[in-house]
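Colleague: Structure file run14.pdb (PDB, C-alpha atoms) right here:
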MODEL        1
ATOM      1  CA  LEU K  19      87.098  59.402  61.556
ATOM      2  CA  GLU K  20      84.654  56.552  61.594
ATOM      3  CA  GLY K  21      84.840  54.110  58.699
ATOM      4  CA  TYR K  22      81.045  54.057  58.422
ATOM      5  CA  LEU K  23      81.349  57.483  56.789
ATOM      6  CA  VAL K  24      82.191  55.549  53.629
ATOM      7  CA  TYR K  25      78.428  55.089  53.214
ATOM      8  CA  SER K  26      77.895  58.872  52.983
ATOM      9  CA  PRO K  27      79.170  59.733  49.502
ATOM     10  CA  GLY K  28      82.027  62.203  49.661
ATOM     11  CA  CYS K  29      81.808  62.704  53.434
ATOM     12  CA  LEU K  30      84.964  60.777  54.298
ATOM     13  CA  GLU K  31      86.972  62.431  51.544
ATOM     14  CA  LYS K  32      85.701  65.914  52.477
ATOM     15  CA  SER K  33      86.525  65.316  56.143
ATOM     16  CA  ILE K  34      90.053  64.244  55.214
ATOM     17  CA  ASP K  35      90.507  67.270  52.943
ATOM     18  CA  CYS K  36      89.341  69.676  55.675
ATOM     19  CA  ALA K  37      91.588  68.078  58.296
ATOM     20  CA  SER K  38      94.543  68.071  55.889
ATOM     21  CA  GLN K  39      94.102  71.782  55.187
ATOM     22  CA  GLU K  40      94.469  72.393  58.924
ATOM     23  CA  ASN K  41      97.485  70.038  59.171
ATOM     24  CA  ALA K  42      95.502  67.928  61.623
ATOM     25  CA  CYS K  43      96.486  64.392  62.533
ATOM     26  CA  ILE K  44      93.853  62.124  60.963
ATOM     27  CA  SER K  45      92.751  58.892  62.597
ATOM     28  CA  ILE K  46      90.277  56.312  61.328
ATOM     29  CA  ASP K  47      88.554  53.246  62.733
ATOM     30  CA  LEU K  48      88.139  50.632  60.003
ATOM     31  CA  THR K  49      84.602  49.795  61.188
ATOM     32  CA  SER K  50      83.845  46.158  60.287
ATOM     33  CA  PRO K  51      85.001  43.434  57.889
ATOM     34  CA  SER K  52      81.693  43.552  55.990
ATOM     35  CA  VAL K  53      81.881  47.320  55.437
ATOM     36  CA  ILE K  54      85.470  46.968  54.253
ATOM     37  CA  ALA K  55      84.545  44.119  51.910
ATOM     38  CA  ASN K  56      81.658  46.147  50.456
ATOM     39  CA  ARG K  57      83.618  49.397  50.094
ATOM     40  CA  LYS K  58      87.218  48.220  49.898
ATOM     41  CA  GLU K  59      88.103  50.488  46.975
ATOM     42  CA  ASN K  60      86.913  53.531  48.954
ATOM     43  CA  PHE K  61      89.147  52.602  51.892
ATOM     44  CA  LEU K  62      92.152  51.890  49.694
ATOM     45  CA  ASN K  63      91.722  55.292  48.023
ATOM     46  CA  ILE K  64      91.947  57.237  51.292
ATOM     47  CA  LEU K  65      94.339  55.220  53.449
ATOM     48  CA  ASP K  66      97.515  56.968  52.330
ATOM     49  CA  LYS K  67      96.069  60.236  53.729
ATOM     50  CA  ILE K  68      95.450  58.762  57.191
ATOM     51  CA  HIS K  69      98.003  59.101  59.992
ATOM     52  CA  ILE K  70      96.583  56.656  62.575
ATOM     53  CA  ILE K  71      94.650  53.544  61.561
ATOM     54  CA  PHE K  72      92.713  51.455  64.086
ATOM     55  CA  GLY K  73      91.058  48.141  63.404
ATOM     56  CA  ASN K  74      90.738  44.629  64.641
ATOM     57  CA  LEU K  75      92.622  41.776  63.038
ATOM     58  CA  LYS K  76      89.625  40.641  60.944
ATOM     59  CA  GLU K  77      89.217  44.152  59.521
ATOM     60  CA  PHE K  78      92.885  44.365  58.568
ATOM     61  CA  GLU K  79      92.776  40.837  57.096
ATOM     62  CA  THR K  80      89.859  41.895  54.896
ATOM     63  CA  LEU K  81      91.518  45.138  53.871
ATOM     64  CA  LYS K  82      94.986  43.797  53.134
ATOM     65  CA  GLU K  83      94.060  40.209  52.137
ATOM     66  CA  SER K  84      96.482  38.599  54.572
ATOM     67  CA  SER K  85      96.231  37.041  58.019
ATOM     68  CA  ASP K  86      99.930  37.535  58.809
ATOM     69  CA  ILE K  87     100.579  40.569  61.027
ATOM     70  CA  ASP K  88     104.020  41.216  59.499
ATOM     71  CA  GLU K  89     102.607  41.062  55.968
ATOM     72  CA  ILE K  90      99.757  43.399  56.871
ATOM     73  CA  ILE K  91     102.132  45.899  58.488
ATOM     74  CA  LYS K  92     104.445  45.905  55.445
ATOM     75  CA  LYS K  93     101.559  47.286  53.378
ATOM     76  CA  PHE K  94     101.484  50.560  55.350
ATOM     77  CA  SER K  95     103.742  53.594  55.106
ATOM     78  CA  GLN K  96     106.329  54.420  57.744
ATOM     79  CA  LYS K  97     104.427  57.706  58.004
ATOM     80  CA  GLN K  98     101.465  55.857  59.522
ATOM     81  CA  LEU K  99     100.778  54.549  63.005
ATOM     82  CA  VAL K 100      98.832  51.286  62.720
ATOM     83  CA  VAL K 101      96.981  49.656  65.619
ATOM     84  CA  ILE K 102      95.676  46.107  65.157
ATOM     85  CA  THR K 103      93.553  44.829  68.034
ATOM     86  CA  ASN K 104      92.749  41.193  68.704
ATOM     87  CA  SER K 105      90.522  41.124  71.807
ATOM     88  CA  GLU K 106      92.019  39.188  74.731
ATOM     89  CA  LYS K 107      95.193  38.531  72.732
ATOM     90  CA  GLY K 108      96.121  42.214  72.933
ATOM     91  CA  CYS K 109      97.220  44.437  70.094
ATOM     92  CA  TRP K 110     100.061  45.173  67.698
ATOM     93  CA  VAL K 111     101.240  48.708  67.088
ATOM     94  CA  LYS K 112     103.457  49.863  64.249
ATOM     95  CA  GLU K 113     104.712  53.266  65.248
ATOM     96  CA  TRP K 114     105.584  56.125  62.937
ATOM     97  CA  GLY K 115     108.949  55.593  61.283
ATOM     98  CA  GLN K 116     108.954  51.871  62.052
ATOM     99  CA  GLU K 117     108.652  48.864  59.780
ATOM    100  CA  LYS K 118     107.619  46.291  62.388
ATOM    101  CA  ALA K 119     104.806  46.104  64.898
ATOM    102  CA  VAL K 120     105.226  45.566  68.629
ATOM    103  CA  HIS K 121     102.814  43.269  70.464
ATOM    104  CA  TYR K 122     101.177  44.513  73.665
ATOM    105  CA  PRO K 123      99.254  41.977  75.781
ATOM    106  CA  ALA K 124      95.706  42.820  76.827
ATOM    107  CA  LEU K 125      94.598  43.238  80.408
ATOM    108  CA  GLN K 126      93.380  39.935  81.764
ATOM    109  CA  ILE K 127      89.689  40.172  82.622
ATOM    110  CA  PRO K 128      88.071  37.038  84.075
ATOM    111  CA  LYS K 129      85.665  35.570  81.514
ATOM    112  CA  GLU K 130      82.792  35.673  84.006
ATOM    113  CA  LYS K 131      83.156  39.483  84.183
ATOM    114  CA  VAL K 132      82.854  39.948  80.415
ATOM    115  CA  VAL K 133      79.268  40.950  79.636
ATOM    116  CA  ALA K 134      79.554  42.153  76.014
ATOM    117  CA  THR K 135      82.283  43.288  73.646
ATOM    118  CA  THR K 136      80.186  46.013  72.003
ATOM    119  CA  GLY K 137      82.153  49.243  72.031
ATOM    120  CA  ALA K 138      85.474  47.678  73.053
ATOM    121  CA  GLY K 139      87.263  48.849  69.910
ATOM    122  CA  ASP K 140      85.822  52.359  70.160
ATOM    123  CA  PHE K 141      86.763  52.639  73.829
ATOM    124  CA  PHE K 142      90.244  51.289  73.093
ATOM    125  CA  ALA K 143      90.739  53.876  70.336
ATOM    126  CA  GLY K 144      89.402  56.636  72.588
ATOM    127  CA  GLY K 145      91.784  55.742  75.392
ATOM    128  CA  PHE K 146      94.695  55.385  72.979
ATOM    129  CA  LEU K 147      93.997  58.732  71.300
ATOM    130  CA  ASN K 148      93.621  60.409  74.690
ATOM    131  CA  GLY K 149      97.158  59.285  75.480
ATOM    132  CA  MET K 150      98.388  60.516  72.093
ATOM    133  CA  MET K 151      96.828  63.937  72.690
ATOM    134  CA  LEU K 152      98.645  64.084  76.032
ATOM    135  CA  GLY K 153     101.920  63.347  74.218
ATOM    136  CA  LEU K 154     102.480  60.033  75.983
ATOM    137  CA  PRO K 155     104.660  57.243  74.592
ATOM    138  CA  VAL K 156     102.761  54.550  72.680
ATOM    139  CA  LYS K 157     103.064  51.962  75.466
ATOM    140  CA  TYR K 158     101.058  54.283  77.752
ATOM    141  CA  CYS K 159      98.551  55.007  75.000
ATOM    142  CA  VAL K 160      98.017  51.254  74.654
ATOM    143  CA  GLU K 161      97.629  50.919  78.409
ATOM    144  CA  MET K 162      94.996  53.661  78.416
ATOM    145  CA  GLY K 163      93.197  51.986  75.519
ATOM    146  CA  HIS K 164      93.208  48.648  77.279
ATOM    147  CA  LEU K 165      91.882  50.211  80.482
ATOM    148  CA  ALA K 166      88.999  51.865  78.641
ATOM    149  CA  ALA K 167      88.148  48.684  76.708
ATOM    150  CA  SER K 168      88.335  46.595  79.890
ATOM    151  CA  LYS K 169      85.670  48.772  81.492
ATOM    152  CA  VAL K 170      83.189  48.672  78.618
ATOM    153  CA  ILE K 171      83.302  44.890  78.162
ATOM    154  CA  GLN K 172      82.073  44.501  81.727
ATOM    155  CA  VAL K 173      78.745  46.230  81.008
ATOM    156  CA  ALA K 174      75.846  45.810  78.605
ATOM    157  CA  GLU K 175      75.083  48.243  75.774
ATOM    158  CA  ALA K 176      78.531  49.945  75.981
ATOM    159  CA  GLU K 177      77.133  52.283  78.621
ATOM    160  CA  LEU K 178      79.401  53.036  81.576
ATOM    161  CA  SER K 179      77.941  54.244  84.855
ATOM    162  CA  GLU K 180      79.243  57.456  86.414
ATOM    163  CA  ASN K 181      81.065  55.291  88.951
ATOM    164  CA  SER K 182      82.800  53.309  86.181
ATOM    165  CA  TRP K 183      83.789  56.543  84.421
ATOM    166  CA  GLU K 184      85.257  57.864  87.667
ATOM    167  CA  GLU K 185      87.197  54.612  88.211
ATOM    168  CA  LEU K 186      88.520  54.848  84.658
ATOM    169  CA  ARG K 187      89.562  58.491  85.161
ATOM    170  CA  GLN K 188      91.429  57.578  88.341
ATOM    171  CA  GLU K 189      93.227  54.652  86.675
ATOM    172  CA  ILE K 190      94.204  56.829  83.716
ATOM    173  CA  GLU K 191      95.508  59.558  86.044
ATOM    174  CA  LYS K 192      97.933  56.989  87.460
ATOM    175  CA  ILE K 193      99.344  56.539  83.947
ATOM    176  CA  THR K 194      99.502  60.231  83.100
TER     177      THR K 194
ENDMDL
END
Have the structure of the file written as structure tokens, please.

Modeller:
Amino acid sequence: LEGYLVYSPGCLEKSIDCASQENACISIDLTSPSVIANRKENFLNILDKIHIIFGNLKEFETLKESSDIDEIIKKFSQKQLVVITNSEKGCWVKEWGQEKAVHYPALQIPKEKVVATTGAGDFFAGGFLNGMMLGLPVKYCVEMGHLAASKVIQVAEAELSENSWEELRQEIEKIT
């Protein structure tokens, strides 16, 4: 689910209810710090029904009113997988059944190759979820997320060429 759905009254809740009825695994992207600040109550009301939560550090800081990763993680259930991204510093993942997050370093992309960061979080989540759907361990899901994000930050407008998509597919096949 996309956190922006919070602006469509009832849409997020209805989507969660429908997915829950089908026993589907529910994932959400927290969207942006400003959306969270404006609709924090809405997010807090649905979070316990979400299985996988993606967001960058600023989004989680806004949501949980803390800048400490360990403190943020403590505020989530062991029944939830939580992914906190922090651009070139990598990400932290609290797996299901765990109380602590593990840090995973990001791929190192030379600064001169970074064109724009638009779409990096979405591509990371897409790569990560692709790995989850394939049943891969979290470390490989993170690797797939980082690969996808590393491709999109090297282009403008979050638009990959067919060649870039093919390169990404080939790199992901090496993981899977």

Colleague: For Thr194 of chain K, which residue among K:Gly163, K:Gly149, K:Gly137, K:Gly115 is the nearest when counting all atoms listed in the file?

Modeller: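 Answer, going by the shortest atom-to-atom distance: K:Gly149.
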
Colleague: So that I can see what lies close to segment 58-75 of chain K, please list as a ChimeraX atom specification the residues with an atom at most 10 Å from it, counting all atoms listed in the file and leaving out residues fewer than 4 positions away in the same chain.

Modeller: /K:19-21,24-25,27-28,30-31,34-35,38,42-54,79-82,84-87,90,94-105,109-114,139-140,142-143,146-147

Colleague: Those selected residues, please, written with C-alpha atoms and delivered as a short mmCIF file (atom, residue, chain, number, x, y, z; two decimals), in the frame of the given file.

Modeller:
data_model
loop_
_atom_site.label_atom_id
_atom_site.label_comp_id
_atom_site.auth_asym_id
_atom_site.auth_seq_id
_atom_site.Cartn_x
_atom_site.Cartn_y
_atom_site.Cartn_z
CA LEU K 19 87.10 59.40 61.56
CA GLU K 20 84.65 56.55 61.59
CA GLY K 21 84.84 54.11 58.70
CA VAL K 24 82.19 55.55 53.63
CA TYR K 25 78.43 55.09 53.21
CA PRO K 27 79.17 59.73 49.50
CA GLY K 28 82.03 62.20 49.66
CA LEU K 30 84.96 60.78 54.30
CA GLU K 31 86.97 62.43 51.54
CA ILE K 34 90.05 64.24 55.21
CA ASP K 35 90.51 67.27 52.94
CA SER K 38 94.54 68.07 55.89
CA ALA K 42 95.50 67.93 61.62
CA CYS K 43 96.49 64.39 62.53
CA ILE K 44 93.85 62.12 60.96
CA SER K 45 92.75 58.89 62.60
CA ILE K 46 90.28 56.31 61.33
CA ASP K 47 88.55 53.25 62.73
CA LEU K 48 88.14 50.63 60.00
CA THR K 49 84.60 49.80 61.19
CA SER K 50 83.84 46.16 60.29
CA PRO K 51 85.00 43.43 57.89
CA SER K 52 81.69 43.55 55.99
CA VAL K 53 81.88 47.32 55.44
CA ILE K 54 85.47 46.97 54.25
CA GLU K 79 92.78 40.84 57.10
CA THR K 80 89.86 41.90 54.90
CA LEU K 81 91.52 45.14 53.87
CA LYS K 82 94.99 43.80 53.13
CA SER K 84 96.48 38.60 54.57
CA SER K 85 96.23 37.04 58.02
CA ASP K 86 99.93 37.53 58.81
CA ILE K 87 100.58 40.57 61.03
CA ILE K 90 99.76 43.40 56.87
CA PHE K 94 101.48 50.56 55.35
CA SER K 95 103.74 53.59 55.11
CA GLN K 96 106.33 54.42 57.74
CA LYS K 97 104.43 57.71 58.00
CA GLN K 98 101.46 55.86 59.52
CA LEU K 99 100.78 54.55 63.00
CA VAL K 100 98.83 51.29 62.72
CA VAL K 101 96.98 49.66 65.62
CA ILE K 102 95.68 46.11 65.16
CA THR K 103 93.55 44.83 68.03
CA ASN K 104 92.75 41.19 68.70
CA SER K 105 90.52 41.12 71.81
CA CYS K 109 97.22 44.44 70.09
CA TRP K 110 100.06 45.17 67.70
CA VAL K 111 101.24 48.71 67.09
CA LYS K 112 103.46 49.86 64.25
CA GLU K 113 104.71 53.27 65.25
CA TRP K 114 105.58 56.12 62.94
CA GLY K 139 87.26 48.85 69.91
CA ASP K 140 85.82 52.36 70.16
CA PHE K 142 90.24 51.29 73.09
CA ALA K 143 90.74 53.88 70.34
CA PHE K 146 94.70 55.38 72.98
CA LEU K 147 94.00 58.73 71.30
#

Colleague: So the first atom is atom CA of Lys131 of chain K and the second is atom CA of Ile171 of chain K; what is the distance between them in Å, to one decimal place?

Modeller: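 Calculated distance between atom CA of Lys131 of chain K and atom CA of Ile171 of chain K is 8.1 Å.
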
Colleague: Please report the interatomic distance between atom CA of Ala174 of chain K and atom CA of Val160 of chain K in Å with one decimal.

Modeller: 23.2 Å

Colleague: Could you state the separation of atom CA of Ile193 of chain K and atom CA of Lys157 of chain K in Å, given to one decimal place?

Modeller: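 Value for the atom CA of Ile193 of chain K-atom CA of Lys157 of chain K distance: 10.3 Å.
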
Colleague: Will you model N, CA, C and O atoms for segment 119-139 of chain K and pass it back as a short mmCIF file (atom, residue, chain, number, x, y, z; two decimals), in the coordinates of the input?

Modeller:
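Resulting contents of part08.cif:
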data_model
loop_
_atom_site.label_atom_id
_atom_site.label_comp_id
_atom_site.auth_asym_id
_atom_site.auth_seq_id
_atom_site.Cartn_x
_atom_site.Cartn_y
_atom_site.Cartn_z
N ALA K 119 105.76 45.85 63.82
CA ALA K 119 104.81 46.10 64.90
C ALA K 119 105.30 45.47 66.19
O ALA K 119 105.98 44.44 66.17
N VAL K 120 104.93 46.09 67.30
CA VAL K 120 105.23 45.57 68.63
C VAL K 120 103.92 45.03 69.21
O VAL K 120 102.87 45.67 69.10
N HIS K 121 103.99 43.86 69.84
CA HIS K 121 102.81 43.27 70.46
C HIS K 121 102.70 43.75 71.90
O HIS K 121 103.69 43.81 72.63
N TYR K 122 101.48 44.11 72.30
CA TYR K 122 101.18 44.51 73.67
C TYR K 122 100.06 43.59 74.17
O TYR K 122 98.99 43.55 73.58
N PRO K 123 100.30 42.86 75.26
CA PRO K 123 99.25 41.98 75.78
C PRO K 123 98.08 42.78 76.34
O PRO K 123 98.25 43.91 76.81
N ALA K 124 96.91 42.18 76.28
CA ALA K 124 95.71 42.82 76.83
C ALA K 124 95.67 42.64 78.33
O ALA K 124 96.35 41.77 78.89
N LEU K 125 94.86 43.45 78.99
CA LEU K 125 94.60 43.24 80.41
C LEU K 125 93.81 41.95 80.54
O LEU K 125 92.94 41.66 79.71
N GLN K 126 94.09 41.20 81.56
CA GLN K 126 93.38 39.94 81.76
C GLN K 126 92.13 40.18 82.60
O GLN K 126 92.21 40.53 83.77
N ILE K 127 90.99 40.02 81.97
CA ILE K 127 89.69 40.17 82.62
C ILE K 127 89.07 38.78 82.73
O ILE K 127 88.96 38.08 81.71
N PRO K 128 88.70 38.36 83.94
CA PRO K 128 88.07 37.04 84.08
C PRO K 128 86.86 36.91 83.16
O PRO K 128 86.05 37.85 83.06
N LYS K 129 86.75 35.78 82.48
CA LYS K 129 85.66 35.57 81.51
C LYS K 129 84.28 35.82 82.12
O LYS K 129 83.40 36.33 81.43
N GLU K 130 84.11 35.48 83.39
CA GLU K 130 82.79 35.67 84.01
C GLU K 130 82.44 37.16 84.18
O GLU K 130 81.28 37.50 84.38
N LYS K 131 83.43 38.05 84.07
CA LYS K 131 83.16 39.48 84.18
C LYS K 131 82.84 40.12 82.83
O LYS K 131 82.36 41.24 82.78
N VAL K 132 83.11 39.41 81.74
CA VAL K 132 82.85 39.95 80.42
C VAL K 132 81.37 39.80 80.10
O VAL K 132 80.84 38.70 80.03
N VAL K 133 80.70 40.93 79.92
CA VAL K 133 79.27 40.95 79.64
C VAL K 133 79.02 41.04 78.14
O VAL K 133 78.20 40.31 77.59
N ALA K 134 79.72 41.96 77.46
CA ALA K 134 79.55 42.15 76.01
C ALA K 134 80.80 42.87 75.49
O ALA K 134 81.44 43.62 76.21
N THR K 135 81.11 42.63 74.23
CA THR K 135 82.28 43.29 73.65
C THR K 135 81.91 44.51 72.81
O THR K 135 82.80 45.17 72.26
N THR K 136 80.63 44.84 72.75
CA THR K 136 80.19 46.01 72.00
C THR K 136 80.88 47.26 72.54
O THR K 136 80.86 47.52 73.74
N GLY K 137 81.50 48.00 71.65
CA GLY K 137 82.15 49.24 72.03
C GLY K 137 83.61 49.10 72.45
O GLY K 137 84.29 50.10 72.66
N ALA K 138 84.10 47.87 72.58
CA ALA K 138 85.47 47.68 73.05
C ALA K 138 86.50 48.37 72.15
O ALA K 138 87.41 49.03 72.63
N GLY K 139 86.33 48.22 70.84
CA GLY K 139 87.26 48.85 69.91
C GLY K 139 87.20 50.36 69.97
O GLY K 139 88.22 51.04 69.94
#
